Every structure is written in structure tokens, then in C-alpha cells.
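Peer 1: Hey, dropping structure.cif in here, mmCIF, C-alpha atoms and all ligand atoms:
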data_query
loop_
_atom_site.label_atom_id
_atom_site.label_comp_id
_atom_site.auth_asym_id
_atom_site.auth_seq_id
_atom_site.Cartn_x
_atom_site.Cartn_y
_atom_site.Cartn_z
CA MET A 1 -37.25 127.05 122.33
CA LYS A 2 -39.94 129.23 120.91
CA THR A 3 -39.83 130.46 117.37
CA SER A 4 -39.07 134.14 116.98
CA LYS A 5 -42.56 134.64 115.57
CA SER A 6 -44.34 133.29 118.61
CA MET A 7 -41.88 135.08 120.87
CA LEU A 8 -42.83 138.35 119.25
CA LYS A 9 -46.49 137.57 119.68
CA THR A 10 -45.98 136.74 123.33
CA LEU A 11 -44.10 139.98 123.87
CA THR A 12 -46.79 141.97 122.12
CA ALA A 13 -49.44 140.32 124.23
CA ALA A 14 -47.48 141.06 127.39
CA ALA A 15 -47.03 144.67 126.34
CA LEU A 16 -50.76 145.00 125.85
CA GLY A 17 -51.26 143.51 129.27
CA VAL A 18 -53.31 140.72 127.81
CA ALA A 19 -52.93 137.36 129.47
CA LEU A 20 -52.83 135.00 126.56
CA SER A 21 -52.14 131.30 126.91
CA VAL A 22 -49.56 129.70 124.65
CA GLY A 23 -52.33 128.04 122.70
CA ALA A 24 -54.27 131.22 122.13
CA VAL A 25 -51.13 132.84 120.76
CA ALA A 26 -50.32 129.85 118.69
CA ALA A 27 -53.63 129.31 116.96
CA SER A 28 -53.46 132.27 114.62
CA ALA A 29 -49.84 132.99 113.85
CA ALA A 30 -47.69 130.17 115.11
CA ASP A 31 -46.10 127.28 113.33
CA ILE A 32 -48.98 124.80 113.30
CA LYS A 33 -49.66 122.39 110.46
CA PRO A 34 -52.67 120.17 109.83
CA ARG A 35 -52.08 116.89 111.67
CA LEU A 36 -53.95 113.71 112.47
CA ILE A 37 -53.55 112.14 115.89
CA ARG A 38 -54.91 108.67 116.60
CA PHE A 39 -55.61 108.46 120.34
CA GLY A 40 -56.25 104.92 121.62
CA TYR A 41 -57.37 103.69 125.04
CA GLY A 42 -58.57 100.51 126.70
CA LEU A 43 -61.76 101.43 128.55
CA ASN A 44 -65.18 101.94 127.04
CA GLN A 45 -66.02 105.33 125.62
CA ASP A 46 -68.57 105.73 128.40
CA SER A 47 -65.93 105.96 131.12
CA LYS A 48 -63.80 108.63 132.74
CA GLN A 49 -61.01 107.64 130.35
CA GLY A 50 -63.28 108.17 127.36
CA ARG A 51 -64.57 111.50 128.64
CA ALA A 52 -61.07 112.85 129.20
CA VAL A 53 -59.86 111.63 125.81
CA ASP A 54 -62.79 113.45 124.19
CA TYR A 55 -61.98 116.54 126.24
CA PHE A 56 -58.34 116.43 125.10
CA ALA A 57 -59.43 116.05 121.46
CA GLU A 58 -61.65 119.10 121.72
CA GLU A 59 -59.07 121.23 123.54
CA LEU A 60 -56.29 120.43 121.11
CA GLY A 61 -58.64 121.12 118.22
CA LYS A 62 -59.34 124.57 119.68
CA LEU A 63 -55.71 125.35 120.54
CA SER A 64 -54.62 124.47 117.03
CA GLY A 65 -57.30 126.59 115.39
CA GLY A 66 -58.86 123.41 114.01
CA LYS A 67 -55.66 122.15 112.40
CA PHE A 68 -55.10 119.16 114.69
CA LYS A 69 -57.70 116.41 114.30
CA VAL A 70 -57.75 113.88 117.10
CA LYS A 71 -59.42 110.60 116.17
CA THR A 72 -60.32 108.60 119.26
CA PHE A 73 -60.43 104.81 119.60
CA GLY A 74 -61.87 103.42 122.85
CA GLY A 75 -62.47 99.85 124.03
CA ALA A 76 -59.04 98.65 122.90
CA ALA A 77 -60.15 99.05 119.28
CA LEU A 78 -56.50 99.59 118.30
CA GLY A 79 -55.31 96.66 120.43
CA SER A 80 -54.30 95.95 124.01
CA ASP A 81 -52.24 98.46 125.98
CA VAL A 82 -49.02 96.58 125.15
CA GLN A 83 -49.89 96.43 121.44
CA MET A 84 -50.67 100.16 121.42
CA GLN A 85 -47.38 100.95 123.17
CA ASN A 86 -45.54 99.10 120.44
CA ALA A 87 -47.55 100.91 117.76
CA LEU A 88 -46.49 104.22 119.32
CA ILE A 89 -42.84 103.21 119.36
CA GLY A 90 -43.08 102.14 115.71
CA GLY A 91 -44.91 105.33 114.72
CA ALA A 92 -48.14 103.61 113.64
CA GLN A 93 -50.20 105.36 116.35
CA GLU A 94 -49.67 108.78 117.90
CA LEU A 95 -51.26 108.82 121.33
CA LEU A 96 -52.28 106.42 124.09
CA VAL A 97 -53.56 106.56 127.62
CA GLY A 98 -53.22 103.46 129.74
CA SER A 99 -51.64 101.92 132.75
CA THR A 100 -48.03 102.58 133.73
CA SER A 101 -47.81 98.88 134.66
CA THR A 102 -47.59 97.59 131.11
CA LEU A 103 -44.58 99.86 130.50
CA VAL A 104 -42.32 97.83 132.80
CA GLY A 105 -41.18 95.69 129.88
CA ILE A 106 -39.94 98.88 128.19
CA ASP A 107 -38.70 100.78 131.24
CA PRO A 108 -38.61 98.87 134.53
CA ARG A 109 -38.63 102.11 136.53
CA MET A 110 -42.29 102.61 135.62
CA GLY A 111 -42.97 99.75 138.04
CA VAL A 112 -42.62 102.05 141.03
CA TRP A 113 -46.19 103.27 140.58
CA ASP A 114 -47.45 99.74 141.22
CA LEU A 115 -45.87 99.46 144.62
CA PRO A 116 -48.59 98.60 147.14
CA PHE A 117 -49.75 100.86 149.97
CA LEU A 118 -47.54 103.71 148.79
CA PHE A 119 -49.80 106.76 148.99
CA ASP A 120 -52.13 107.88 151.77
CA SER A 121 -54.30 109.92 149.44
CA ALA A 122 -54.81 110.76 145.79
CA GLU A 123 -53.69 114.33 146.51
CA GLN A 124 -50.39 113.05 147.84
CA ALA A 125 -49.97 110.94 144.72
CA ASP A 126 -50.65 114.04 142.57
CA LYS A 127 -47.75 115.85 144.23
CA VAL A 128 -45.29 113.04 143.57
CA LEU A 129 -46.52 112.35 140.04
CA ASP A 130 -46.55 116.03 139.01
CA GLY A 131 -43.32 116.90 140.81
CA ASP A 132 -39.70 116.44 139.76
CA TYR A 133 -39.69 112.74 140.55
CA GLY A 134 -42.67 111.96 138.34
CA GLN A 135 -41.26 114.15 135.58
CA LYS A 136 -37.93 112.34 135.66
CA LEU A 137 -39.72 109.06 135.06
CA LEU A 138 -41.69 110.57 132.18
CA ASP A 139 -38.45 111.91 130.65
CA GLY A 140 -36.83 108.48 130.93
CA LEU A 141 -39.29 107.06 128.41
CA GLN A 142 -37.84 109.13 125.56
CA GLU A 143 -34.88 106.86 125.03
CA HIS A 144 -37.39 104.03 124.49
CA GLY A 145 -39.33 105.83 121.77
CA LEU A 146 -42.14 107.26 123.90
CA VAL A 147 -42.83 110.76 125.16
CA GLY A 148 -44.58 110.76 128.53
CA LEU A 149 -46.87 113.80 128.59
CA VAL A 150 -48.82 113.66 131.86
CA TYR A 151 -50.27 111.31 134.43
CA TRP A 152 -54.01 110.92 134.85
CA GLU A 153 -55.76 109.13 137.68
CA ASN A 154 -56.76 105.50 137.41
CA GLY A 155 -57.30 105.32 141.17
CA PHE A 156 -57.10 103.16 144.27
CA ARG A 157 -57.50 99.53 143.32
CA ASN A 158 -59.96 97.17 144.98
CA LEU A 159 -60.61 93.46 144.64
CA THR A 160 -63.65 91.87 143.03
CA ASN A 161 -64.34 88.17 142.65
CA SER A 162 -67.06 85.60 142.13
CA LYS A 163 -66.22 83.27 145.03
CA ARG A 164 -66.53 85.09 148.35
CA PRO A 165 -65.98 88.41 150.09
CA ILE A 166 -62.32 88.99 150.98
CA GLU A 167 -62.68 89.85 154.65
CA LYS A 168 -59.35 88.47 155.73
CA MET A 169 -56.16 87.78 153.84
CA SER A 170 -56.71 84.02 153.97
CA ASP A 171 -59.93 84.48 151.96
CA LEU A 172 -57.63 85.03 148.98
CA ASP A 173 -56.42 81.43 149.18
CA GLY A 174 -56.70 79.80 145.79
CA ILE A 175 -58.63 82.67 144.18
CA LYS A 176 -57.64 82.83 140.53
CA LEU A 177 -56.95 86.51 140.18
CA ARG A 178 -56.18 88.43 137.01
CA VAL A 179 -53.36 90.93 137.52
CA MET A 180 -51.75 93.54 135.29
CA GLN A 181 -48.62 92.65 133.32
CA ASN A 182 -46.04 93.70 135.87
CA PRO A 183 -44.39 90.64 137.46
CA MET A 184 -44.44 92.47 140.81
CA TYR A 185 -48.21 91.88 140.95
CA LEU A 186 -47.68 88.15 140.61
CA ASP A 187 -45.33 88.11 143.57
CA LEU A 188 -47.60 90.36 145.58
CA PHE A 189 -50.79 88.36 145.23
CA LYS A 190 -49.05 85.01 145.37
CA SER A 191 -47.53 86.06 148.68
CA MET A 192 -51.06 86.77 149.91
CA GLY A 193 -52.24 83.32 148.85
CA ALA A 194 -54.03 84.04 145.56
CA ASN A 195 -53.40 82.24 142.30
CA ALA A 196 -52.38 85.28 140.28
CA VAL A 197 -52.42 85.28 136.47
CA PRO A 198 -51.24 88.15 134.26
CA MET A 199 -53.64 89.08 131.48
CA SER A 200 -54.25 92.10 129.29
CA PHE A 201 -57.17 94.30 130.27
CA SER A 202 -58.82 93.85 126.88
CA GLU A 203 -59.36 90.13 127.60
CA LEU A 204 -60.56 90.59 131.14
CA PHE A 205 -64.34 90.91 130.87
CA THR A 206 -64.65 87.68 128.88
CA ALA A 207 -62.30 85.89 131.26
CA LEU A 208 -64.46 86.92 134.21
CA GLU A 209 -67.69 86.08 132.40
CA THR A 210 -66.52 82.59 131.39
CA LYS A 211 -64.97 82.07 134.84
CA ALA A 212 -61.54 81.54 133.30
CA VAL A 213 -60.53 83.69 136.28
CA ASP A 214 -62.38 84.26 139.56
CA GLY A 215 -61.46 87.86 140.17
CA GLN A 216 -59.58 91.00 139.32
CA GLU A 217 -58.61 94.29 140.90
CA ASN A 218 -59.34 97.81 139.65
CA PRO A 219 -60.75 101.12 140.88
CA VAL A 220 -64.54 101.26 141.44
CA THR A 221 -65.00 103.57 138.45
CA THR A 222 -63.65 100.85 136.14
CA ILE A 223 -65.67 98.14 137.89
CA GLN A 224 -68.68 100.21 136.88
CA SER A 225 -67.71 101.41 133.39
CA SER A 226 -66.34 98.03 132.28
CA LYS A 227 -69.46 96.32 133.70
CA PHE A 228 -67.50 93.93 135.89
CA TYR A 229 -70.34 94.19 138.43
CA GLU A 230 -72.47 92.13 136.04
CA VAL A 231 -70.19 89.12 136.49
CA GLN A 232 -68.54 89.76 139.88
CA PRO A 233 -70.76 89.67 143.00
CA TYR A 234 -68.13 90.61 145.61
CA LEU A 235 -66.24 93.87 145.99
CA SER A 236 -63.71 94.13 148.81
CA LEU A 237 -62.28 97.56 149.51
CA THR A 238 -58.56 96.94 149.91
CA ARG A 239 -57.23 100.13 148.24
CA HIS A 240 -53.99 98.19 147.89
CA VAL A 241 -52.43 100.23 145.08
CA TYR A 242 -52.93 103.76 143.77
CA SER A 243 -52.68 103.45 139.98
CA PRO A 244 -51.99 106.38 137.72
CA TRP A 245 -52.64 106.35 134.02
CA ILE A 246 -50.03 107.78 131.73
CA VAL A 247 -50.56 109.65 128.47
CA THR A 248 -47.79 108.77 126.05
CA MET A 249 -47.05 110.05 122.58
CA SER A 250 -45.07 108.38 119.82
CA LYS A 251 -41.59 109.91 119.77
CA VAL A 252 -41.51 109.47 115.99
CA PHE A 253 -44.52 111.82 115.83
CA TRP A 254 -43.35 114.19 118.59
CA ASP A 255 -40.05 114.79 116.81
CA LYS A 256 -41.92 116.02 113.74
CA LEU A 257 -43.71 118.74 115.72
CA SER A 258 -42.62 122.37 115.81
CA ASP A 259 -42.03 124.01 119.19
CA ASP A 260 -45.39 125.73 118.94
CA GLU A 261 -47.10 122.43 118.20
CA LYS A 262 -45.37 120.76 121.14
CA ALA A 263 -46.52 123.60 123.36
CA ILE A 264 -50.20 123.21 122.47
CA VAL A 265 -50.02 119.42 122.83
CA MET A 266 -48.61 119.90 126.33
CA GLU A 267 -51.21 122.52 127.18
CA ALA A 268 -54.08 120.26 126.10
CA ALA A 269 -52.48 117.36 128.00
CA LYS A 270 -52.24 119.34 131.23
CA LYS A 271 -55.81 120.58 130.92
CA SER A 272 -57.00 117.03 130.29
CA ARG A 273 -55.14 115.86 133.39
CA ASP A 274 -56.94 118.37 135.60
CA PHE A 275 -60.27 117.57 133.97
CA GLU A 276 -59.77 113.84 134.34
CA ARG A 277 -58.71 113.85 137.97
CA LYS A 278 -61.68 115.98 138.98
CA ASP A 279 -64.06 113.73 137.05
CA SER A 280 -62.40 110.62 138.47
CA ARG A 281 -62.87 111.72 142.06
CA GLU A 282 -66.48 112.73 141.54
CA GLN A 283 -67.25 109.50 139.73
CA ALA A 284 -65.64 107.31 142.40
CA VAL A 285 -68.30 108.41 144.89
CA LYS A 286 -71.10 107.81 142.38
CA ALA A 287 -69.66 104.45 141.35
CA MET A 288 -69.82 103.16 144.93
CA ALA A 289 -73.53 103.99 145.11
CA PHE A 290 -74.13 102.54 141.65
CA LEU A 291 -72.38 99.25 142.44
CA LYS A 292 -74.36 98.87 145.67
CA GLU A 293 -77.66 99.53 143.86
CA ASN A 294 -76.67 97.04 141.21
CA GLY A 295 -76.32 94.19 143.64
CA MET A 296 -72.63 94.03 144.49
CA LYS A 297 -71.87 92.90 148.00
CA ILE A 298 -69.33 95.42 149.23
CA ASN A 299 -67.16 94.97 152.29
CA GLU A 300 -64.40 96.86 154.07
CA VAL A 301 -61.35 94.87 155.14
CA PRO A 302 -60.62 95.11 158.89
CA ALA A 303 -57.44 97.02 159.82
CA ASP A 304 -55.63 94.01 161.29
CA GLU A 305 -56.15 92.08 158.04
CA VAL A 306 -54.94 95.02 155.96
CA ALA A 307 -51.90 95.07 158.25
CA LYS A 308 -51.19 91.46 157.30
CA MET A 309 -51.40 92.40 153.62
CA ARG A 310 -49.07 95.35 154.19
CA GLU A 311 -46.56 93.05 155.83
CA LYS A 312 -46.54 90.72 152.81
CA ALA A 313 -46.33 93.77 150.56
CA GLN A 314 -43.24 95.09 152.34
CA ALA A 315 -41.15 92.11 151.32
CA VAL A 316 -42.28 92.53 147.70
CA ILE A 317 -41.49 96.25 147.78
CA ASN A 318 -37.98 95.60 149.12
CA ALA A 319 -37.36 93.02 146.41
CA GLN A 320 -38.25 95.62 143.76
CA ALA A 321 -35.02 97.48 144.49
CA SER A 322 -33.20 95.11 142.18
CA VAL A 323 -35.82 95.63 139.44
CA VAL A 324 -36.40 99.38 139.45
CA GLY A 325 -32.99 100.26 140.93
CA GLN A 326 -32.19 101.29 144.49
CA ASP A 327 -31.82 104.95 143.42
CA THR A 328 -35.27 105.00 141.90
CA LEU A 329 -36.77 103.47 145.03
CA ASP A 330 -34.91 105.87 147.34
CA GLY A 331 -35.95 108.80 145.16
CA LEU A 332 -39.56 107.73 145.47
CA ARG A 333 -39.37 107.49 149.24
CA ALA A 334 -37.79 110.94 149.41
CA ALA A 335 -40.47 112.41 147.14
CA ILE A 336 -43.23 110.93 149.30
CA ALA A 337 -41.55 112.14 152.50
CA ALA A 338 -41.34 115.64 150.99
CA THR A 339 -45.14 115.75 150.59
CA LYS A 340 -45.45 115.44 154.37
CA GLU A 341 -43.19 118.38 155.22
C1 LIG A 401 -57.09 99.96 130.64
C2 LIG A 401 -56.15 99.47 131.72
C3 LIG A 401 -56.79 99.50 133.09
C4 LIG A 401 -55.87 98.93 134.17
C5 LIG A 401 -55.84 97.42 134.10
O1 LIG A 401 -56.54 99.73 129.38
O2 LIG A 401 -55.24 96.88 133.18
O3 LIG A 401 -56.41 96.76 134.98
O4 LIG A 401 -56.30 99.32 135.45
O5 LIG A 401 -57.15 100.82 133.43
O6 LIG A 401 -54.98 100.28 131.69
#
Can you give me the file's structure in the form of C-alpha cells?
Ligand code: TK8
Peer 2:
Amino acid sequence: MKTSKSMLKTLTAAALGVALSVGAVAASAADIKPRLIRFGYGLNQDSKQGRAVDYFAEELGKLSGGKFKVKTFGGAALGSDVQMQNALIGGAQELLVGSTSTLVGIDPRMGVWDLPFLFDSAEQADKVLDGDYGQKLLDGLQEHGLVGLVYWENGFRNLTNSKRPIEKMSDLDGIKLRVMQNPMYLDLFKSMGANAVPMSFSELFTALETKAVDGQENPVTTIQSSKFYEVQPYLSLTRHVYSPWIVTMSKVFWDKLSDDEKAIVMEAAKKSRDFERKDSREQAVKAMAFLKENGMKINEVPADEVAKMREKAQAVINAQASVVGQDTLDGLRAAIAATKE
């Protein structure tokens, strides 16, 4: 619900035939108070995550007429993704962008985005994430103390390791592989023969450097921006999962905001989503070239070997019905099917 003040403004603008965005209306006359938002994230500042966080900070600053100050904290300076989620729920931090995977302990349904070999393209994923299905999952977070604003792109995940190129599924045998903290990943990579270990992202570089683990999996942009290429010679292009990122806000903070304030937060969030996805897709191409130039040995995985991985994945996907709920899984399949109509 808009306040009567902003409603009047909107009507006036419409009468004048001026196309004003909510934010432009809001900045001067609407109900906006000075606020501080602490926005934490796990990647380095020099990454697509950092760039989009900075973009959001600037946009929201503008939309609020300078009243909202967004202080940004990259490189897990406020803690790991799980720690930051808890800080949001407790009201000690306002905003976070990170993986959906670490939310499964809070809301198991978030695990659907980790299901392997789900999307054919990033554009297809956009449709499902930004459509009713994705929105329903965002809305579901509210009862757990988080407000899901938008999804950004993390990207298609690929394997890196220090032992050997993964050219066939059996090359994964015994590879000690760091996975994200969704138990589904453990089952998935164990079923493919790897020795999977869950670990927070903030500990990963050191674990790779000290060889506490042999490998990990992430999109090429992260392999570049987190400097994994310095300690991981092999990159195998499996594209096994399309990962989104999710921007979440503390519900404690959200509930304090006026309708006008909520509207500008949402507007900045949506703009940042579009900015980030565009940047992500441009950077993915550049990252491939960069990683090659910087000595990574990159290989494609032959189709028949990917087929073997898909077969293992299918059993893991089916087993997720009891975790995320059959309805949630069916809804996902329907939403994906609808993108093909
Ligand atoms: C960054 C993480 C990262 C994710 C992971 O905090 O944990 O591997 O892909 O992007 O959210």
C-alpha cells in the first residue's frame, strides 16, 4: 500500500504525462528516513558480486535522495554466508547476497536451485527464478526472518582440482572435493565417486592452497575472482548445476521500513539484478580466456561421460522429493516445462 502522499504525487506525475519511477517520486516527498544498511558478501570486492553490490549501494543512495547509506563488506568480512544469514535473522546485519544453498538449513525448499542439470540455459533459469515459482520461494523465507528480494546469477558450476583433468566420471574417484553446505551435494558427488566434504566458501582458498582438499566447483568467474586458478591447475567444464545468488534482507529491518522505503529498496534490487546478470555473462567469456592465459588446463567432458553423471544425478534428484517436498519439486518441473511452451 502506498501512502496517500506518494499516491498523490504519482497521480500528479501521470496527469502531467511524466513517466516517473517510484524512486524518483519518492526521493523528494515520500516517507524516507535516514538509514544505514550493512551489505555483506563472500567474494572479493573485485568480482561481479562486488561490482553489483556497489551498483546497488549507489542506486539506493540516489533513489533515497542520499538518505540511505549502504556500507559494503566484501570477502566475508562480516563472516561466512551462514553466519551472515543468522546475523540477518537476528537483526545485526541488514543485507546479504550469497548462495541459495546455505539457506537449506533454514528453508529446505531453497535446495531446489541446487538440483543438477536442471536448466538448459541461463535465460531459462531467469524465467523460472523471476516468475511465480521463484517468487513463491522468496516469499517463503519471510516466516524464517528473511526477506528474499531478488535472485542474481552465480552461474553454471564447473570442477577444478589439483590432481588430474576430469575427462570421465571415474576420474573423480577419490578426489577430495569441497562442496557447498547442502547435503544434496554430498550425495551427488559421492554417487559420482568423489570424496565430498562440505565447507564454507570463506575457508575454501586456504583449504585448496594447503591441499586440505583437492578440488572445488564454482562458475569460471569465481575461479578467476577468488584466484583459485593460482592453486588449481585443472578446470573441467561440467556445467553440472546452475547456481543463482539470492539477495536477502533482515526481516527485522524490512518491517521498520515505510511502504515508500520498501519500494525503493525493491527498485534498487531489481536494477542490481539486471546489472549483475549482464555483467556476469560478459565476464564469463572473459574469465575463460583469462584462465587459459593464466595456465589452467581446461577440458570439455565428452557427452557420454556427462550422460553417466546425469544418470547418477537423477537418483539424487528423485531422493530430494522427501527433502524439498513433492509439491515443490513438481512445481519446479512445471515451471521449467512452461519456459519451453
Ligand atoms: C560466496 C558463495 C559462492 C558459492 C560457493 O559467498 O559457496 O561456492 O558459489 O558464490 O556463495
Peer 1: I'd like to know which of A:Glu305, A:Asp171, A:Glu153, A:Asp279 is closest to ligand LIG 401 (chain A), using all atoms listed in the file.
Peer 2: A:Glu153
Peer 1: Find, counting only C-alpha atoms, the residue in A:Ser236, A:Ser64, A:Gln49, A:Ser202 that gets nearest to Pro34 in chain A.
Peer 2: A:Ser64
Peer 1: Choose the residue, out of A:Leu36, A:Ala321, A:Ile223, A:Ile175, that has the smallest atom-to-atom separation from Lys67 in chain A; count all atoms listed in the file.
Peer 2: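 The shortest atom-to-atom distance to Lys67 in chain A comes from A:Leu36.
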Peer 1: Interatomic distance between CA of Gly140 in chain A and CA of Ile106 in chain A?
Peer 2: 10.5 Å
Peer 1: Let me have all residues with an atom within 6 Å of ligand LIG 401 (chain A), counting all atoms listed in the file, laid out as a PyMOL selection string.
Peer 2: chain A and resi 41-43+81+98-99+180+201+218
Peer 1: May I ask which of the residues A:Gly148, A:Pro165, A:Pro198, A:Pro302 is the closest one to Leu235 in chain A, counting only C-alpha atoms?
Peer 2: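 The answer is A:Pro165, which sits nearest to Leu235 in chain A.
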Peer 1: Which of these residues is nearest to Glu209 in chain A, using only C-alpha atoms: A:Glu311, A:Thr221, A:Tyr229, A:Gly65?
Peer 2: A:Tyr229
Peer 1: May I ask for the distance between CA of Phe275 in chain A and CA of Tyr55 in chain A, given in Å to one decimal place?
Peer 2: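 Between CA of Phe275 in chain A and CA of Tyr55 in chain A the gap works out to 8.0 Å.
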Peer 1: For the atom pair CA of Leu204 in chain A and CA of Val70 in chain A, what is the interatomic distance in Å to one decimal place?
Peer 2: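 Value for the CA of Leu204 in chain A-CA of Val70 in chain A distance: 27.3 Å.
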Peer 1: Hey, which of A:Ser170, A:Thr72, A:Thr222, A:Asn182 ends up closest to Val301 in chain A? Count only C-alpha atoms.
Peer 2: A:Ser170
